[in-house]
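Coordinates from structure.txt are shown below (compact mmCIF, C-alpha atoms).
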```
# COMPACT_ATOMS: atom_id res chain seq x y z
CA MET A 833 4.42 217.56 -21.67
CA ILE A 834 5.76 216.21 -24.95
CA CYS A 835 8.48 213.64 -25.64
CA ARG A 836 10.11 214.96 -28.80
CA LYS A 837 12.96 212.58 -29.56
CA VAL A 838 14.64 209.55 -28.02
CA THR A 839 18.21 208.65 -29.01
CA LEU A 840 19.61 205.28 -27.93
CA GLU A 841 23.03 203.70 -28.08
CA ASN A 842 23.64 200.06 -27.11
CA PHE A 843 20.44 199.86 -25.05
CA ARG A 844 19.11 196.30 -24.80
CA ASN A 845 18.82 195.00 -28.39
CA ILE A 846 19.10 198.48 -29.85
CA SER A 847 22.57 199.26 -31.22
CA ALA A 848 21.68 202.76 -32.35
CA ALA A 849 18.36 204.47 -32.92
CA GLU A 850 16.75 207.89 -33.09
CA VAL A 851 12.98 207.99 -32.75
CA CYS A 852 10.93 211.18 -33.13
CA PHE A 853 7.37 211.39 -31.81
CA CYS A 854 4.41 213.55 -32.75
CA GLU A 855 2.40 215.44 -30.15
CA GLY A 856 -0.61 213.14 -30.40
CA VAL A 857 -0.82 209.35 -30.73
CA ASN A 858 2.28 207.35 -31.61
CA ILE A 859 1.98 203.63 -32.31
CA LEU A 860 4.96 201.26 -32.15
CA VAL A 861 4.08 198.15 -34.16
CA GLY A 862 6.18 194.98 -34.21
CA GLU A 863 6.48 191.39 -33.14
CA ASN A 864 7.31 190.37 -29.59
CA GLY A 865 11.01 190.90 -28.89
CA ALA A 866 11.40 193.47 -31.67
CA GLY A 867 12.28 196.32 -29.30
CA LYS A 868 8.97 198.08 -28.58
CA THR A 869 9.04 197.65 -24.81
CA ASN A 870 12.77 198.39 -24.76
CA LEU A 871 12.02 201.88 -26.09
CA ILE A 872 9.31 202.35 -23.46
CA GLU A 873 11.77 201.16 -20.81
CA ALA A 874 14.33 203.74 -21.94
CA ILE A 875 11.74 206.53 -21.71
CA CYS A 876 10.77 205.35 -18.22
CA LEU A 877 14.40 205.28 -17.12
CA ALA A 878 14.78 208.91 -18.16
CA SER A 879 11.58 209.79 -16.32
CA ILE A 880 11.47 207.82 -13.06
CA GLY A 881 15.11 206.80 -12.80
CA LYS A 882 14.60 203.06 -13.00
CA SER A 883 13.47 200.24 -15.27
CA HIS A 884 9.76 199.54 -14.97
CA ARG A 885 10.64 195.87 -15.49
CA GLY A 886 12.88 195.81 -12.43
CA ALA A 887 16.04 195.24 -14.47
CA GLY A 888 19.48 196.05 -13.12
CA GLU A 889 21.52 198.63 -14.98
CA ASP A 890 23.98 196.10 -16.40
CA GLU A 891 21.02 194.24 -17.96
CA LEU A 892 20.10 197.36 -19.90
CA ILE A 893 23.44 197.52 -21.72
CA ASN A 894 23.66 195.62 -25.00
CA PHE A 895 25.48 192.36 -24.28
CA SER A 896 28.14 193.17 -26.92
CA ALA A 897 28.92 196.60 -25.44
CA SER A 898 30.39 197.97 -22.21
CA ARG A 899 28.34 201.15 -22.06
CA SER A 900 24.97 202.52 -23.09
CA ARG A 901 23.38 205.94 -23.44
CA ILE A 902 19.81 207.26 -23.48
CA SER A 903 18.97 210.81 -24.52
CA VAL A 904 15.45 212.25 -24.41
CA ASP A 905 14.42 215.63 -25.80
CA PHE A 906 11.16 216.76 -24.21
CA SER A 907 9.20 219.96 -23.79
CA ASP A 908 6.75 221.46 -21.35
CA SER A 909 4.74 224.65 -21.71
CA VAL A 910 7.89 226.71 -21.19
CA ARG A 911 10.83 225.23 -23.06
CA ILE A 912 12.54 222.26 -24.70
CA GLN A 913 14.92 220.29 -22.49
CA ASN A 914 17.14 217.24 -22.65
CA ILE A 915 17.82 214.51 -20.13
CA SER A 916 20.46 211.87 -20.74
CA VAL A 917 21.44 208.73 -18.86
CA SER A 918 24.81 207.04 -19.44
CA LEU A 919 25.38 203.50 -18.18
CA GLU A 920 28.70 201.69 -17.92
CA ARG A 921 29.37 198.25 -16.51
CA GLY A 922 30.83 198.38 -13.03
CA ARG A 923 30.39 202.15 -12.69
CA ARG A 924 27.76 204.48 -11.33
CA ARG A 925 25.40 205.85 -13.96
CA GLN A 926 25.77 209.44 -15.12
CA VAL A 927 22.71 211.65 -15.52
CA GLU A 928 22.63 215.07 -17.15
CA LEU A 929 19.80 217.58 -17.41
CA ASN A 930 20.49 220.12 -20.15
CA LYS A 931 24.17 219.02 -20.02
CA VAL A 932 24.42 219.69 -16.27
CA SER A 933 25.27 216.66 -14.12
CA ILE A 934 22.67 215.38 -11.66
CA ASN A 935 23.82 213.26 -8.74
CA ARG A 936 20.59 212.75 -6.79
CA LEU A 937 17.55 210.79 -7.92
CA SER A 938 15.30 213.43 -6.36
CA ASP A 939 16.76 216.02 -8.76
CA MET A 940 15.94 213.83 -11.74
CA VAL A 941 12.47 212.48 -11.04
CA GLY A 942 9.64 214.92 -11.69
CA VAL A 943 11.41 216.81 -14.45
CA PHE A 944 10.07 214.66 -17.31
CA ASN A 945 6.65 213.31 -16.31
CA THR A 946 5.23 210.06 -17.68
CA VAL A 947 2.45 207.64 -16.80
CA LEU A 948 3.12 204.03 -17.73
CA PHE A 949 0.34 201.50 -18.14
CA CYS A 950 1.36 197.90 -18.86
CA PRO A 951 -0.34 194.49 -18.42
CA GLU A 952 1.11 194.07 -14.91
CA HIS A 953 -0.80 197.18 -13.80
CA LEU A 954 -4.11 195.47 -14.55
CA SER A 955 -3.50 193.50 -11.36
CA ILE A 956 -3.03 196.50 -9.04
CA ILE A 957 -6.39 195.81 -7.40
CA LYS A 958 -6.17 192.05 -6.98
CA ASP A 959 -2.45 191.84 -6.17
CA GLY A 960 -0.96 192.32 -2.71
CA PRO A 961 -0.25 195.61 -0.91
CA SER A 962 3.27 195.96 -2.37
CA ALA A 963 1.78 196.53 -5.86
CA ARG A 964 -0.36 199.39 -4.58
CA ARG A 965 2.51 200.88 -2.57
CA ASN A 966 4.66 200.84 -5.71
CA TYR A 967 1.86 202.59 -7.62
CA LEU A 968 1.77 205.28 -4.94
CA ASP A 969 5.53 205.72 -4.79
CA VAL A 970 5.96 206.16 -8.55
CA ALA A 971 2.99 208.54 -8.85
CA ILE A 972 3.93 210.70 -5.87
CA SER A 973 7.65 210.81 -6.63
CA GLN A 974 7.07 212.61 -9.93
CA LEU A 975 5.03 215.29 -8.16
CA ARG A 976 7.08 215.67 -4.98
CA PRO A 977 10.77 214.86 -5.52
CA LEU A 978 11.52 215.32 -1.79
CA TYR A 979 9.29 212.31 -1.20
CA ILE A 980 11.97 210.18 -2.86
CA ALA A 981 14.61 211.41 -0.44
CA SER A 982 12.36 210.62 2.52
CA LEU A 983 11.58 207.18 1.13
CA GLN A 984 15.29 206.47 0.58
CA ARG A 985 16.08 207.52 4.15
CA TYR A 986 13.25 205.37 5.46
CA ASN A 987 14.46 202.29 3.57
CA HIS A 988 18.02 202.82 4.83
CA ILE A 989 16.84 203.18 8.44
CA LEU A 990 14.56 200.16 8.08
CA LYS A 991 17.46 198.08 6.78
CA GLN A 992 19.66 199.10 9.72
CA ARG A 993 16.90 198.49 12.25
CA ASN A 994 16.15 195.05 10.81
CA MET A 995 19.83 194.12 11.02
CA LEU A 996 19.83 195.19 14.67
CA ILE A 997 16.72 193.12 15.36
CA ARG A 998 18.23 190.02 13.75
CA SER A 999 21.39 190.39 15.86
CA ALA A 1000 19.47 190.83 19.14
CA LYS A 1001 19.53 187.15 20.06
CA ASP A 1002 23.33 187.19 20.03
CA ASP A 1003 23.90 190.73 21.30
CA ARG A 1004 20.96 191.93 23.35
CA ARG A 1005 22.94 194.69 25.03
CA THR A 1006 23.65 196.53 21.77
CA PHE A 1007 20.02 196.09 20.78
CA ASP A 1008 18.71 197.60 24.02
CA GLU A 1009 21.14 200.51 23.82
CA THR A 1010 20.48 201.53 20.21
CA ILE A 1011 16.98 200.38 19.20
CA ASP A 1012 15.29 203.62 20.30
CA PHE A 1013 17.67 205.65 18.13
CA TRP A 1014 16.61 203.78 15.00
CA SER A 1015 12.94 203.69 16.04
CA GLU A 1016 12.78 207.47 16.44
CA GLN A 1017 14.29 208.05 13.01
CA LEU A 1018 12.00 205.47 11.42
CA ALA A 1019 8.90 206.96 13.05
CA ALA A 1020 9.81 210.46 11.86
CA GLU A 1021 10.21 209.41 8.22
CA ALA A 1022 7.12 207.20 8.42
CA ALA A 1023 5.04 210.17 9.56
CA THR A 1024 6.17 212.27 6.60
CA ILE A 1025 5.56 209.53 4.03
CA ALA A 1026 2.22 208.44 5.51
CA SER A 1027 0.81 211.97 5.44
CA ILE A 1028 1.84 212.47 1.80
CA ARG A 1029 0.37 209.11 0.78
CA ALA A 1030 -2.90 209.81 2.62
CA GLU A 1031 -3.17 213.20 0.89
CA TYR A 1032 -2.64 211.63 -2.54
CA ILE A 1033 -5.30 208.97 -1.93
CA ARG A 1034 -7.79 211.62 -0.85
CA ARG A 1035 -7.20 213.56 -4.06
CA ALA A 1036 -7.33 210.41 -6.18
CA GLY A 1037 -10.65 209.16 -4.85
CA GLY A 1038 -12.87 211.58 -6.77
CA TYR A 1039 -11.06 211.01 -10.06
CA VAL A 1040 -11.23 207.21 -9.74
CA ALA A 1041 -14.97 207.30 -9.00
CA ALA A 1042 -15.69 209.59 -11.97
CA ILE A 1043 -13.52 207.63 -14.43
CA PHE A 1044 -14.90 204.26 -13.29
CA SER A 1045 -18.48 205.46 -13.66
CA GLU A 1046 -17.85 206.95 -17.10
CA MET A 1047 -16.01 203.85 -18.28
CA THR A 1048 -18.47 201.22 -17.10
CA GLY A 1049 -21.78 202.99 -16.59
CA ASP A 1050 -21.80 200.95 -13.40
CA ARG A 1051 -23.96 202.09 -10.52
CA GLU A 1052 -21.45 200.74 -8.04
CA VAL A 1053 -19.37 203.46 -6.44
CA PRO A 1054 -15.64 202.90 -5.85
CA LYS A 1055 -13.91 204.45 -2.87
CA LEU A 1056 -10.27 204.63 -1.89
CA ARG A 1057 -8.98 204.65 1.66
CA TYR A 1058 -5.43 204.87 2.93
CA ILE A 1059 -4.59 202.04 5.33
CA GLY A 1060 -1.51 202.63 7.47
CA SER A 1061 0.03 199.81 9.48
CA SER A 1062 -1.21 201.39 12.71
CA LYS A 1063 -4.80 200.87 11.42
CA ASP A 1064 -6.00 204.35 12.44
CA GLU A 1065 -8.66 206.28 10.56
CA GLU A 1066 -7.48 207.94 7.37
CA ASP A 1067 -7.75 211.50 8.75
CA PHE A 1068 -5.34 210.57 11.52
CA TYR A 1069 -2.44 210.33 9.06
CA PHE A 1070 -2.62 214.03 8.20
CA ASP A 1071 -1.27 214.89 11.66
CA ARG A 1072 2.44 214.14 11.31
CA GLU A 1073 3.28 214.61 14.98
CA ALA A 1074 0.47 212.29 16.06
CA VAL A 1075 1.56 209.69 13.50
CA LYS A 1076 5.18 209.92 14.64
CA LYS A 1077 4.12 209.46 18.26
CA ARG A 1078 1.87 206.50 17.41
CA TYR A 1079 4.59 204.69 15.44
CA MET A 1080 7.10 205.33 18.19
CA GLU A 1081 4.69 203.77 20.68
CA LEU A 1082 4.18 200.71 18.47
CA LEU A 1083 7.88 200.28 17.73
CA SER A 1084 8.81 200.65 21.41
CA SER A 1085 6.26 198.14 22.67
CA SER A 1086 6.91 195.35 20.18
CA HIS A 1087 10.55 194.43 20.76
CA GLU A 1088 9.99 190.81 21.69
CA ARG A 1089 7.56 190.24 18.82
CA GLU A 1090 9.98 191.83 16.37
CA ILE A 1091 12.93 189.78 17.63
CA ALA A 1092 10.86 186.64 17.17
CA ALA A 1093 9.81 187.73 13.67
CA GLU A 1094 13.33 189.06 12.88
CA CYS A 1095 11.93 192.19 11.24
CA THR A 1096 10.22 195.52 11.86
CA LEU A 1097 6.48 194.99 12.21
CA TRP A 1098 5.25 198.59 11.98
CA GLY A 1099 5.80 201.31 9.42
CA ILE A 1100 4.93 202.54 5.95
CA HIS A 1101 6.42 199.39 4.38
CA LYS A 1102 3.18 197.73 5.57
CA ASP A 1103 0.78 200.33 4.08
CA ASP A 1104 -2.04 199.59 1.66
CA ILE A 1105 -4.82 201.25 -0.33
CA GLU A 1106 -8.26 199.85 0.42
CA VAL A 1107 -10.41 199.92 -2.73
CA THR A 1108 -14.10 199.18 -2.26
CA LEU A 1109 -17.18 198.97 -4.49
CA ASN A 1110 -20.32 199.91 -2.58
CA GLY A 1111 -18.44 199.27 0.63
CA ARG A 1112 -17.19 195.80 -0.28
CA PRO A 1113 -13.47 195.07 -0.86
CA ALA A 1114 -12.87 195.13 -4.62
CA ARG A 1115 -9.94 192.75 -4.28
CA ILE A 1116 -12.30 190.02 -3.05
CA TYR A 1117 -15.74 190.77 -4.44
CA ALA A 1118 -15.21 192.69 -7.69
CA SER A 1119 -15.30 190.79 -10.97
CA GLN A 1120 -12.16 190.58 -13.08
CA GLY A 1121 -13.63 193.19 -15.41
CA GLN A 1122 -14.37 195.55 -12.55
CA GLN A 1123 -10.87 195.06 -11.13
CA ARG A 1124 -9.36 195.91 -14.51
CA SER A 1125 -11.56 198.99 -14.82
CA LEU A 1126 -10.45 200.13 -11.37
CA SER A 1127 -6.79 199.55 -12.22
CA LEU A 1128 -7.19 201.54 -15.43
CA ALA A 1129 -8.97 204.30 -13.49
CA LEU A 1130 -6.06 204.47 -11.02
CA LYS A 1131 -3.54 204.92 -13.83
CA LEU A 1132 -5.62 207.55 -15.63
CA THR A 1133 -6.05 209.30 -12.28
CA GLU A 1134 -2.26 209.43 -12.00
CA GLY A 1135 -2.26 211.54 -15.15
CA GLU A 1136 -5.11 213.77 -13.96
CA ILE A 1137 -3.41 214.58 -10.66
CA CYS A 1138 -0.18 215.34 -12.52
CA ARG A 1139 -2.10 217.72 -14.80
CA GLU A 1140 -3.72 219.32 -11.77
CA ALA A 1141 -0.33 219.87 -10.12
CA ARG A 1142 1.74 220.80 -13.18
CA GLY A 1143 -0.84 222.44 -15.45
CA GLU A 1144 -0.35 219.92 -18.29
CA TYR A 1145 -0.66 216.22 -18.92
CA PRO A 1146 2.33 213.88 -18.65
CA VAL A 1147 3.32 211.58 -21.51
CA PHE A 1148 1.20 208.42 -21.47
CA LEU A 1149 3.00 205.15 -22.24
CA LEU A 1150 0.69 202.22 -23.04
CA ASP A 1151 2.88 199.14 -23.29
CA ASP A 1152 1.05 196.19 -24.87
CA VAL A 1153 -2.02 196.97 -22.81
CA LEU A 1154 -4.60 197.18 -25.60
CA SER A 1155 -4.45 193.43 -26.25
CA GLU A 1156 -5.24 192.81 -22.58
CA LEU A 1157 -8.39 194.95 -22.53
CA ASP A 1158 -11.81 194.00 -23.83
CA GLU A 1159 -13.38 196.06 -26.61
CA GLY A 1160 -15.32 198.37 -24.28
CA ARG A 1161 -12.36 199.35 -22.12
CA ARG A 1162 -10.08 199.62 -25.13
CA LYS A 1163 -12.56 201.94 -26.83
CA TYR A 1164 -12.89 204.07 -23.70
CA LEU A 1165 -9.14 204.37 -23.31
CA LEU A 1166 -8.51 205.35 -26.92
CA SER A 1167 -11.37 207.87 -26.94
CA ASN A 1168 -10.04 209.65 -23.85
CA ILE A 1169 -6.47 210.37 -24.90
CA GLY A 1170 -7.19 213.10 -27.43
CA SER A 1171 -5.47 216.01 -25.68
CA ARG A 1172 -2.46 214.00 -24.51
CA GLN A 1173 0.67 212.61 -26.07
CA VAL A 1174 0.51 208.82 -26.08
CA VAL A 1175 3.01 206.15 -27.08
CA ILE A 1176 1.34 202.79 -27.68
CA THR A 1177 3.05 199.47 -28.33
CA THR A 1178 1.17 196.71 -30.10
CA CYS A 1179 1.77 193.62 -32.21
CA GLU A 1180 -1.05 194.55 -34.57
CA PRO A 1181 -1.65 197.93 -36.22
CA ALA A 1182 -4.42 199.86 -34.51
CA ALA A 1183 -6.93 201.72 -36.64
CA LEU A 1184 -6.48 205.21 -35.21
CA GLN A 1185 -6.82 208.40 -37.17
CA SER A 1186 -4.06 211.00 -36.99
CA ALA A 1187 -1.66 208.52 -35.41
CA LYS A 1188 2.04 208.27 -36.20
CA VAL A 1189 2.86 204.63 -36.90
CA ILE A 1190 6.40 203.36 -36.35
CA HIS A 1191 7.34 199.83 -37.38
CA VAL A 1192 9.79 198.11 -35.03
CA LYS A 1193 12.02 195.23 -36.11
CA ASN A 1194 15.18 193.92 -34.45
CA GLY A 1195 15.81 197.16 -32.59
CA THR A 1196 15.23 199.43 -35.58
CA TYR A 1197 12.42 201.96 -36.01
CA GLU A 1198 10.87 203.02 -39.31
CA VAL A 1199 8.07 205.56 -39.67
CA VAL A 1200 5.18 204.47 -41.87
CA LEU A 1201 4.18 207.28 -44.20
CA SER A 1202 0.46 207.74 -44.62
```

For this file, write the structure as structure tokens.
Amino acid sequence: MICRKVTLENFRNISAAEVCFCEGVNILVGENGAGKTNLIEAICLASIGKSHRGAGEDELINFSASRSRISVDFSDSVRIQNISVSLERGRRRQVELNKVSINRLSDMVGVFNTVLFCPEHLSIIKDGPSARRNYLDVAISQLRPLYIASLQRYNHILKQRNMLIRSAKDDRRTFDETIDFWSEQLAAEAATIASIRAEYIRRAGGYVAAIFSEMTGDREVPKLRYIGSSKDEEDFYFDREAVKKRYMELLSSSHEREIAAECTLWGIHKDDIEVTLNGRPARIYASQGQQRSLSLALKLTEGEICREARGEYPVFLLDDVLSELDEGRRKYLLSNIGSRQVVITTCEPAALQSAKVIHVKNGTYEVVLS
């Protein structure tokens, strides 16, 4: 997949810009705050439907404007397409694919595939479970758009169930009469999501091991294992009916504990990925260098699984990550992106042959002619 052109109007500090990319390596060079990451953020918004920095939509609009627009021309092995996102303060965003309106996030995500790697991702291994769940959700959503719809339903049900739990002390009758309704719906969505996550982790394990070994020459063998909140063996989560039944049992037998905790104690919002090196938890026992290598392997694996599913690589976005890697990992990364389109942001020009260099300054973009 190739990102051909990005056109921006009143996005962050960018009043107006049109940036064209080559099919290989593209390097955005500029000082901090110049607008490099803003361009990456715009590409991500067109790809995964949200800011990778967690920004609200109003934050993305230039402070001097009331509306903003992002337009991305991209191509796959079949055709050239366009996706555009229009933002306006106080109104719902408007998304168009090839000038046809899209109303659902699940219809948008997975059309234009990207893999983002930024400094925060170097902490996927050592951070808490939520970081690894977010990694899973972004990676899977681009491959299986219906996963997004299931995840959205799950989060809505979870919110309603938590509200019911918090009100139980004041209205126990309503709680007793309706809790099973919400538990059954939550268990059903949890079973779907858990099985998809477990399948992804199984596919990812081989890629991570191979990439880690190639990158480090390390004899230690990494393994991934899906950890659901019910703590069953990984294979268990492939049986959706069994998972639904198990979660229903847990949710039905924990009412008093949940009322005391004022939240739902079981479900996919408690999931994790266990990453081990030679059987020992990498989060605890791996060195910082090993943790970073594993994090990098996870992100490169995201691209490999996308290629396996779609028949071509996604666009790789490396946002200020080179400065965070040591020479060995930086060299490995740059030597393994040859057949992919890559957009790299950096404060210092990188010595890469056949790279398109774009200087960024105050929200403007100028191609450096070789």

>> With all atoms listed in the file as the counted atoms, please give the residues lying no more than 12 Å from Val1200 in chain A, apart from itself and same-chain residues fewer than 2 positions off, as a list in words.
In response: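 Using all atoms listed in the file, the neighbours found are Asn858, Ile859, Leu860, Val861, Pro1181, Ala1187, Lys1188, Val1189, Ile1190, His1191, Val1192, Tyr1197, Glu1198 and Ser1202 of chain A.
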
If you keep C-alpha atoms, can you produce a file of those selected residues as a PDB file, keeping the file's coordinate frame?
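Ended up saving to part_15.pdb:
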```
ATOM      1  CA  ASN A 858       2.280 207.350 -31.610  1.00  0.00           C
ATOM      2  CA  ILE A 859       1.980 203.630 -32.310  1.00  0.00           C
ATOM      3  CA  LEU A 860       4.960 201.260 -32.150  1.00  0.00           C
ATOM      4  CA  VAL A 861       4.080 198.150 -34.160  1.00  0.00           C
ATOM      5  CA  PRO A1181      -1.650 197.930 -36.220  1.00  0.00           C
ATOM      6  CA  ALA A1187      -1.660 208.520 -35.410  1.00  0.00           C
ATOM      7  CA  LYS A1188       2.040 208.270 -36.200  1.00  0.00           C
ATOM      8  CA  VAL A1189       2.860 204.630 -36.900  1.00  0.00           C
ATOM      9  CA  ILE A1190       6.400 203.360 -36.350  1.00  0.00           C
ATOM     10  CA  HIS A1191       7.340 199.830 -37.380  1.00  0.00           C
ATOM     11  CA  VAL A1192       9.790 198.110 -35.030  1.00  0.00           C
ATOM     12  CA  TYR A1197      12.420 201.960 -36.010  1.00  0.00           C
ATOM     13  CA  GLU A1198      10.870 203.020 -39.310  1.00  0.00           C
ATOM     14  CA  SER A1202       0.460 207.740 -44.620  1.00  0.00           C
TER      15      SER A1202
END
```

>> Given only C-alpha atoms as the basis, pick out the residue of A:Ala1026, A:Arg1057, A:Asp1104, A:Ala1036 nearest to Phe1070 in chain A.
In response: A:Ala1026

>> So that I can see what lies close to range 997-1002 of chain A, please list as a PyMOL selection string the residues with an atom at most 10 Å from it, counting only C-alpha atoms and leaving out residues fewer than 5 positions away in the same chain.
In response: chain A and resi 991-992+1007-1008+1011+1087-1088+1090-1096

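Counting all atoms listed in the file, the residue from A:Asp1050, A:Ile1043, A:Arg1072, A:Ile1059 that sits nearest to Ala1020 in chain A is A:Arg1072.
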
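Within 12 Å of range 890-898 of chain A, once all atoms listed in the file are used and residues closer than 5 positions along the same chain are dropped, the contacting residues are Leu840, Glu841, Asn842, Phe843, Arg844, Asn845, Ile846, Ser847, Ala848, Asn870, Leu871, Glu873, Ala874, Leu877, Lys882, Ser883, His884, Arg885, Val917, Ser918, Leu919, Glu920, Arg921, Gly922, Arg923, Arg924, Arg925 and Gly1195 of chain A.
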
>> Give me the residues near Ser916 in chain A as a VMD selection string, where near means some atom within 6 Å (using all atoms listed in the file) and where sequence neighbours in that chain fewer than 2 positions away do not count.
In response: chain A and resid 902 to 903 927 to 928

> Taking into account all atoms listed in the file, which residue in the set A:Thr869, A:Asn914, A:Ser1155, A:Thr1133 is nearest to Val838 in chain A?
Replying inline: A:Asn914

> Counting all atoms listed in the file, which residues come within 10 Å of (-3.5, 196.5, -25.3), with the point read in the file's coordinates, and could you list them as a ChimeraX atom specification?
Replying inline: /A:949-951,1150-1159,1161-1162,1165,1176-1180,1182

With a cut-off of 12 Å, could you pull out the residues of range 919-1005 of chain A touching range 1119-1124 of chain A and give me the nearest pair of atoms for each, distance in Å to one decimal, using only C-alpha atoms, ordered by chain and ascending number, as JSON lines?
```
{"residue": "A:Phe949", "atom": "CA", "partner": "A:Arg1124", "partner_atom": "CA", "distance": 11.8}
{"residue": "A:Cys950", "atom": "CA", "partner": "A:Arg1124", "partner_atom": "CA", "distance": 11.7}
{"residue": "A:Pro951", "atom": "CA", "partner": "A:Arg1124", "partner_atom": "CA", "distance": 9.9}
{"residue": "A:Glu952", "atom": "CA", "partner": "A:Arg1124", "partner_atom": "CA", "distance": 10.6}
{"residue": "A:His953", "atom": "CA", "partner": "A:Arg1124", "partner_atom": "CA", "distance": 8.7}
{"residue": "A:Leu954", "atom": "CA", "partner": "A:Arg1124", "partner_atom": "CA", "distance": 5.3}
{"residue": "A:Ser955", "atom": "CA", "partner": "A:Arg1124", "partner_atom": "CA", "distance": 7.1}
{"residue": "A:Ile956", "atom": "CA", "partner": "A:Gln1123", "partner_atom": "CA", "distance": 8.2}
{"residue": "A:Ile957", "atom": "CA", "partner": "A:Gln1123", "partner_atom": "CA", "distance": 5.9}
{"residue": "A:Lys958", "atom": "CA", "partner": "A:Gln1123", "partner_atom": "CA", "distance": 7.0}
{"residue": "A:Asp959", "atom": "CA", "partner": "A:Gln1123", "partner_atom": "CA", "distance": 10.3}
```

> So how many Å separate CA of Val1053 in chain A and CA of Lys1102 in chain A, to one decimal?
Replying inline: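 Straight-line distance from CA of Val1053 in chain A to CA of Lys1102 in chain A works out to 26.2 Å.
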
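Remark: for Ile834 in chain A, the closest of the candidate residues A:Arg1004, A:Lys868, A:Arg965, A:Arg911 is A:Arg911 (distances computed over all atoms listed in the file).
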